[in-house]
Amino acid sequence: MSKYKLNINGKLRAVDVEPDTPLLWALRDALGLVGTKYGCGVGQCGACTVHLDGEPARSCLTPVSSVGNKKITTIEGLDPHAMHPLQQAWQELDVPQCGYCQAGQIMTASALLKQHPQPTDAQIDSAMDGNLCRCATYTRIRAGIHRAAEIAANGKGKK
């Protein structure tokens, strides 16, 4: 086993795992950050999405040894009070059905909103492509992203 220091949600955390351990399992099993979900294990569904230096990454495919000094943001670190515009919009519009994929959806959407604060439907569809929702709440997810953009533009939430 090897010890790694990871910058997670703004805090340095030590984890003692094998180098090829997926970041997902280091987060969930070793550190107890269970907001990031296991979906498919092969990077196809997006449930495990976290940010590495602000970019969405599939944590099920990312070996912990490859992270280095990159800043990791999980759903728990997006906003400690669940007041990110996306979290507000998700609650306001009742976006999730079962909710299992929603942490990955929100993490992918937050990266989109940083790049495109007022995204078009086409930009949303492109960014969210590959984030699967078994309950098929795609139209509510798109509406939630648009609502989050409004909330952010009006200064009622954190970016």
# chains A, B, ... in the order shown; residues from 1 in each chain; ligands from 1
>>> residues_around(residues="Thr73 (chain A)", least_positions_apart="2", cutoff="10 Å", atoms="only C-alpha atoms", output="VMD selection string")
chain A and resid 7 to 10 49 to 56 70 to 71 75 to 79 107
>>> residues_around(residues="Thr108 (chain A)", least_positions_apart="3", cutoff="7 Å", atoms="only C-alpha atoms", output="list in words")
Thr49, Pro56, Gly104, Gln105, Ala111, Leu112 and Met128 of chain A
>>> residues_around(residues="Thr36 (chain A)", least_positions_apart="5", cutoff="10 Å", atoms="only C-alpha atoms", output="PyMOL selection string")
chain A and resi 24-25+27-28+46-50+59-60+74-76+100-104+107
>>> select_by_dssp(residues="chain A", states="strand (DSSP E)", output="PyMOL selection string")
chain A and resi 2-8+11-17+49-52+55-58+71-73
>>> write_last_selection(atoms="N, CA, C and O atoms", output="tab-separated table (two decimals), in the first residue's frame")
chain	number	residue	atom	x	y	z
A	2	SER	N	0.32	2.31	-0.47
A	2	SER	CA	1.05	3.57	-0.55
A	2	SER	C	0.20	4.66	0.08
A	2	SER	O	-1.03	4.62	0.02
A	3	LYS	N	0.87	5.63	0.62
A	3	LYS	CA	0.16	6.75	1.22
A	3	LYS	C	0.16	7.91	0.23
A	3	LYS	O	1.20	8.26	-0.33
A	4	TYR	N	-1.01	8.47	0.00
A	4	TYR	CA	-1.17	9.60	-0.90
A	4	TYR	C	-1.79	10.76	-0.14
A	4	TYR	O	-2.68	10.55	0.69
A	5	LYS	N	-1.31	11.97	-0.44
A	5	LYS	CA	-1.93	13.17	0.10
A	5	LYS	C	-2.76	13.77	-1.02
A	5	LYS	O	-2.24	14.09	-2.09
A	6	LEU	N	-4.04	13.89	-0.77
A	6	LEU	CA	-4.96	14.40	-1.78
A	6	LEU	C	-5.59	15.70	-1.29
A	6	LEU	O	-5.97	15.82	-0.12
A	7	ASN	N	-5.70	16.66	-2.20
A	7	ASN	CA	-6.37	17.92	-1.90
A	7	ASN	C	-7.84	17.75	-2.27
A	7	ASN	O	-8.22	17.86	-3.43
A	8	ILE	N	-8.65	17.46	-1.26
A	8	ILE	CA	-10.06	17.17	-1.48
A	8	ILE	C	-10.92	18.25	-0.82
A	8	ILE	O	-10.84	18.45	0.40
A	11	LYS	N	-9.11	20.62	1.46
A	11	LYS	CA	-8.36	20.12	2.61
A	11	LYS	C	-7.44	19.00	2.17
A	11	LYS	O	-7.82	18.16	1.34
A	12	LEU	N	-6.23	18.97	2.74
A	12	LEU	CA	-5.33	17.87	2.46
A	12	LEU	C	-5.76	16.66	3.28
A	12	LEU	O	-5.96	16.77	4.48
A	13	ARG	N	-5.93	15.55	2.59
A	13	ARG	CA	-6.34	14.30	3.24
A	13	ARG	C	-5.37	13.21	2.84
A	13	ARG	O	-4.96	13.12	1.68
A	14	ALA	N	-4.97	12.39	3.80
A	14	ALA	CA	-4.07	11.27	3.52
A	14	ALA	C	-4.89	10.01	3.36
A	14	ALA	O	-5.87	9.77	4.09
A	15	VAL	N	-4.48	9.21	2.40
A	15	VAL	CA	-5.16	7.94	2.15
A	15	VAL	C	-4.09	6.89	1.87
A	15	VAL	O	-3.13	7.16	1.16
A	16	ASP	N	-4.24	5.73	2.46
A	16	ASP	CA	-3.28	4.64	2.31
A	16	ASP	C	-3.95	3.54	1.50
A	16	ASP	O	-4.69	2.72	2.04
A	17	VAL	N	-3.69	3.55	0.18
A	17	VAL	CA	-4.32	2.60	-0.74
A	17	VAL	C	-3.30	2.16	-1.78
A	17	VAL	O	-2.25	2.77	-1.93
A	49	THR	N	-18.79	11.18	-11.20
A	49	THR	CA	-18.09	12.39	-11.64
A	49	THR	C	-17.69	13.28	-10.47
A	49	THR	O	-18.50	13.59	-9.59
A	50	VAL	N	-16.41	13.67	-10.48
A	50	VAL	CA	-15.86	14.66	-9.56
A	50	VAL	C	-15.11	15.67	-10.43
A	50	VAL	O	-15.02	15.50	-11.64
A	51	HIS	N	-14.61	16.71	-9.81
A	51	HIS	CA	-13.77	17.66	-10.55
A	51	HIS	C	-12.32	17.44	-10.16
A	51	HIS	O	-12.00	17.30	-8.98
A	52	LEU	N	-11.45	17.44	-11.16
A	52	LEU	CA	-10.00	17.47	-10.97
A	52	LEU	C	-9.53	18.79	-11.57
A	52	LEU	O	-9.66	18.99	-12.78
A	55	GLU	N	-12.18	20.38	-13.76
A	55	GLU	CA	-12.67	19.65	-14.93
A	55	GLU	C	-13.37	18.37	-14.49
A	55	GLU	O	-12.85	17.65	-13.62
A	56	PRO	N	-14.52	18.04	-15.07
A	56	PRO	CA	-15.19	16.80	-14.70
A	56	PRO	C	-14.33	15.58	-15.05
A	56	PRO	O	-13.70	15.54	-16.10
A	57	ALA	N	-14.30	14.63	-14.14
A	57	ALA	CA	-13.53	13.40	-14.34
A	57	ALA	C	-14.31	12.23	-13.76
A	57	ALA	O	-14.98	12.36	-12.74
A	58	ARG	N	-14.20	11.10	-14.41
A	58	ARG	CA	-14.84	9.87	-13.94
A	58	ARG	C	-13.92	9.23	-12.89
A	58	ARG	O	-12.86	8.71	-13.22
A	71	LYS	N	-6.50	19.52	-7.57
A	71	LYS	CA	-7.56	19.79	-6.60
A	71	LYS	C	-8.77	18.94	-6.96
A	71	LYS	O	-9.28	19.02	-8.08
A	72	ILE	N	-9.22	18.16	-6.00
A	72	ILE	CA	-10.38	17.29	-6.18
A	72	ILE	C	-11.57	17.97	-5.52
A	72	ILE	O	-11.49	18.39	-4.36
A	73	THR	N	-12.66	18.08	-6.25
A	73	THR	CA	-13.91	18.58	-5.68
A	73	THR	C	-14.96	17.50	-5.86
A	73	THR	O	-15.18	17.03	-6.97
>>> decode(residues="region 114-126 of chain A", atoms="all heavy atoms", output="tab-separated table (two decimals), in the first residue's frame")
chain	number	residue	atom	x	y	z
A	114	LYS	N	-19.58	26.97	-15.30
A	114	LYS	CA	-18.36	27.78	-15.18
A	114	LYS	C	-17.88	28.21	-16.56
A	114	LYS	O	-17.39	29.32	-16.74
A	114	LYS	CB	-17.26	27.00	-14.46
A	114	LYS	CG	-17.42	26.99	-12.98
A	114	LYS	CD	-16.25	26.31	-12.31
A	114	LYS	CE	-16.48	26.29	-10.81
A	114	LYS	NZ	-15.40	25.58	-10.11
A	115	GLN	N	-18.03	27.33	-17.53
A	115	GLN	CA	-17.59	27.62	-18.89
A	115	GLN	C	-18.62	28.45	-19.65
A	115	GLN	O	-18.26	29.33	-20.44
A	115	GLN	CB	-17.36	26.29	-19.62
A	115	GLN	CG	-16.37	26.37	-20.72
A	115	GLN	CD	-16.03	24.97	-21.23
A	115	GLN	OE1	-16.82	24.02	-21.13
A	115	GLN	NE2	-14.85	24.85	-21.78
A	116	HIS	N	-19.89	28.17	-19.43
A	116	HIS	CA	-21.00	28.84	-20.13
A	116	HIS	C	-22.06	29.23	-19.10
A	116	HIS	O	-22.99	28.47	-18.84
A	116	HIS	CB	-21.62	27.92	-21.19
A	116	HIS	CG	-20.66	27.43	-22.22
A	116	HIS	ND1	-20.20	28.23	-23.24
A	116	HIS	CD2	-20.05	26.24	-22.37
A	116	HIS	CE1	-19.36	27.54	-23.99
A	116	HIS	NE2	-19.24	26.33	-23.48
A	117	PRO	N	-21.95	30.43	-18.52
A	117	PRO	CA	-22.88	30.84	-17.47
A	117	PRO	C	-24.36	30.88	-17.89
A	117	PRO	O	-25.23	30.74	-17.05
A	117	PRO	CB	-22.39	32.23	-17.07
A	117	PRO	CG	-20.97	32.27	-17.49
A	117	PRO	CD	-20.88	31.41	-18.72
A	118	GLN	N	-24.61	31.06	-19.18
A	118	GLN	CA	-25.98	31.06	-19.71
A	118	GLN	C	-26.03	30.07	-20.88
A	118	GLN	O	-26.13	30.46	-22.03
A	118	GLN	CB	-26.38	32.47	-20.17
A	118	GLN	CG	-26.43	33.50	-19.07
A	118	GLN	CD	-27.52	33.21	-18.06
A	118	GLN	OE1	-28.61	32.77	-18.40
A	118	GLN	NE2	-27.21	33.43	-16.79
A	119	PRO	N	-25.98	28.78	-20.59
A	119	PRO	CA	-25.85	27.79	-21.67
A	119	PRO	C	-27.12	27.65	-22.50
A	119	PRO	O	-28.24	27.83	-22.00
A	119	PRO	CB	-25.55	26.50	-20.93
A	119	PRO	CG	-26.22	26.67	-19.60
A	119	PRO	CD	-26.06	28.13	-19.28
A	120	THR	N	-26.92	27.32	-23.76
A	120	THR	CA	-28.03	26.98	-24.64
A	120	THR	C	-28.42	25.52	-24.41
A	120	THR	O	-27.67	24.76	-23.79
A	120	THR	CB	-27.62	27.14	-26.11
A	120	THR	OG1	-26.58	26.19	-26.41
A	120	THR	CG2	-27.13	28.56	-26.41
A	121	ASP	N	-29.56	25.12	-24.94
A	121	ASP	CA	-29.95	23.72	-24.85
A	121	ASP	C	-28.89	22.82	-25.50
A	121	ASP	O	-28.57	21.76	-24.97
A	121	ASP	CB	-31.30	23.47	-25.53
A	121	ASP	CG	-32.47	23.95	-24.69
A	121	ASP	OD1	-32.29	24.28	-23.49
A	121	ASP	OD2	-33.60	23.97	-25.23
A	122	ALA	N	-28.35	23.26	-26.64
A	122	ALA	CA	-27.33	22.46	-27.33
A	122	ALA	C	-26.07	22.31	-26.48
A	122	ALA	O	-25.48	21.23	-26.42
A	122	ALA	CB	-26.99	23.10	-28.68
A	123	GLN	N	-25.65	23.38	-25.80
A	123	GLN	CA	-24.48	23.30	-24.92
A	123	GLN	C	-24.75	22.37	-23.74
A	123	GLN	O	-23.88	21.59	-23.35
A	123	GLN	CB	-24.08	24.69	-24.42
A	123	GLN	CG	-23.48	25.56	-25.50
A	123	GLN	CD	-23.34	27.00	-25.07
A	123	GLN	OE1	-24.16	27.55	-24.37
A	123	GLN	NE2	-22.23	27.62	-25.52
A	124	ILE	N	-25.94	22.44	-23.20
A	124	ILE	CA	-26.31	21.55	-22.09
A	124	ILE	C	-26.30	20.11	-22.57
A	124	ILE	O	-25.71	19.23	-21.92
A	124	ILE	CB	-27.69	21.93	-21.51
A	124	ILE	CG1	-27.61	23.28	-20.79
A	124	ILE	CG2	-28.20	20.84	-20.56
A	124	ILE	CD1	-28.95	23.85	-20.38
A	125	ASP	N	-26.96	19.86	-23.68
A	125	ASP	CA	-27.01	18.48	-24.20
A	125	ASP	C	-25.63	17.93	-24.47
A	125	ASP	O	-25.34	16.77	-24.16
A	125	ASP	CB	-27.88	18.42	-25.46
A	125	ASP	CG	-29.35	18.72	-25.18
A	125	ASP	OD1	-29.76	18.74	-23.99
A	125	ASP	OD2	-30.08	18.96	-26.16
A	126	SER	N	-24.76	18.75	-25.03
A	126	SER	CA	-23.40	18.31	-25.33
A	126	SER	C	-22.62	18.01	-24.06
A	126	SER	O	-21.96	16.97	-23.94
A	126	SER	CB	-22.68	19.37	-26.16
A	126	SER	OG	-21.34	18.99	-26.38
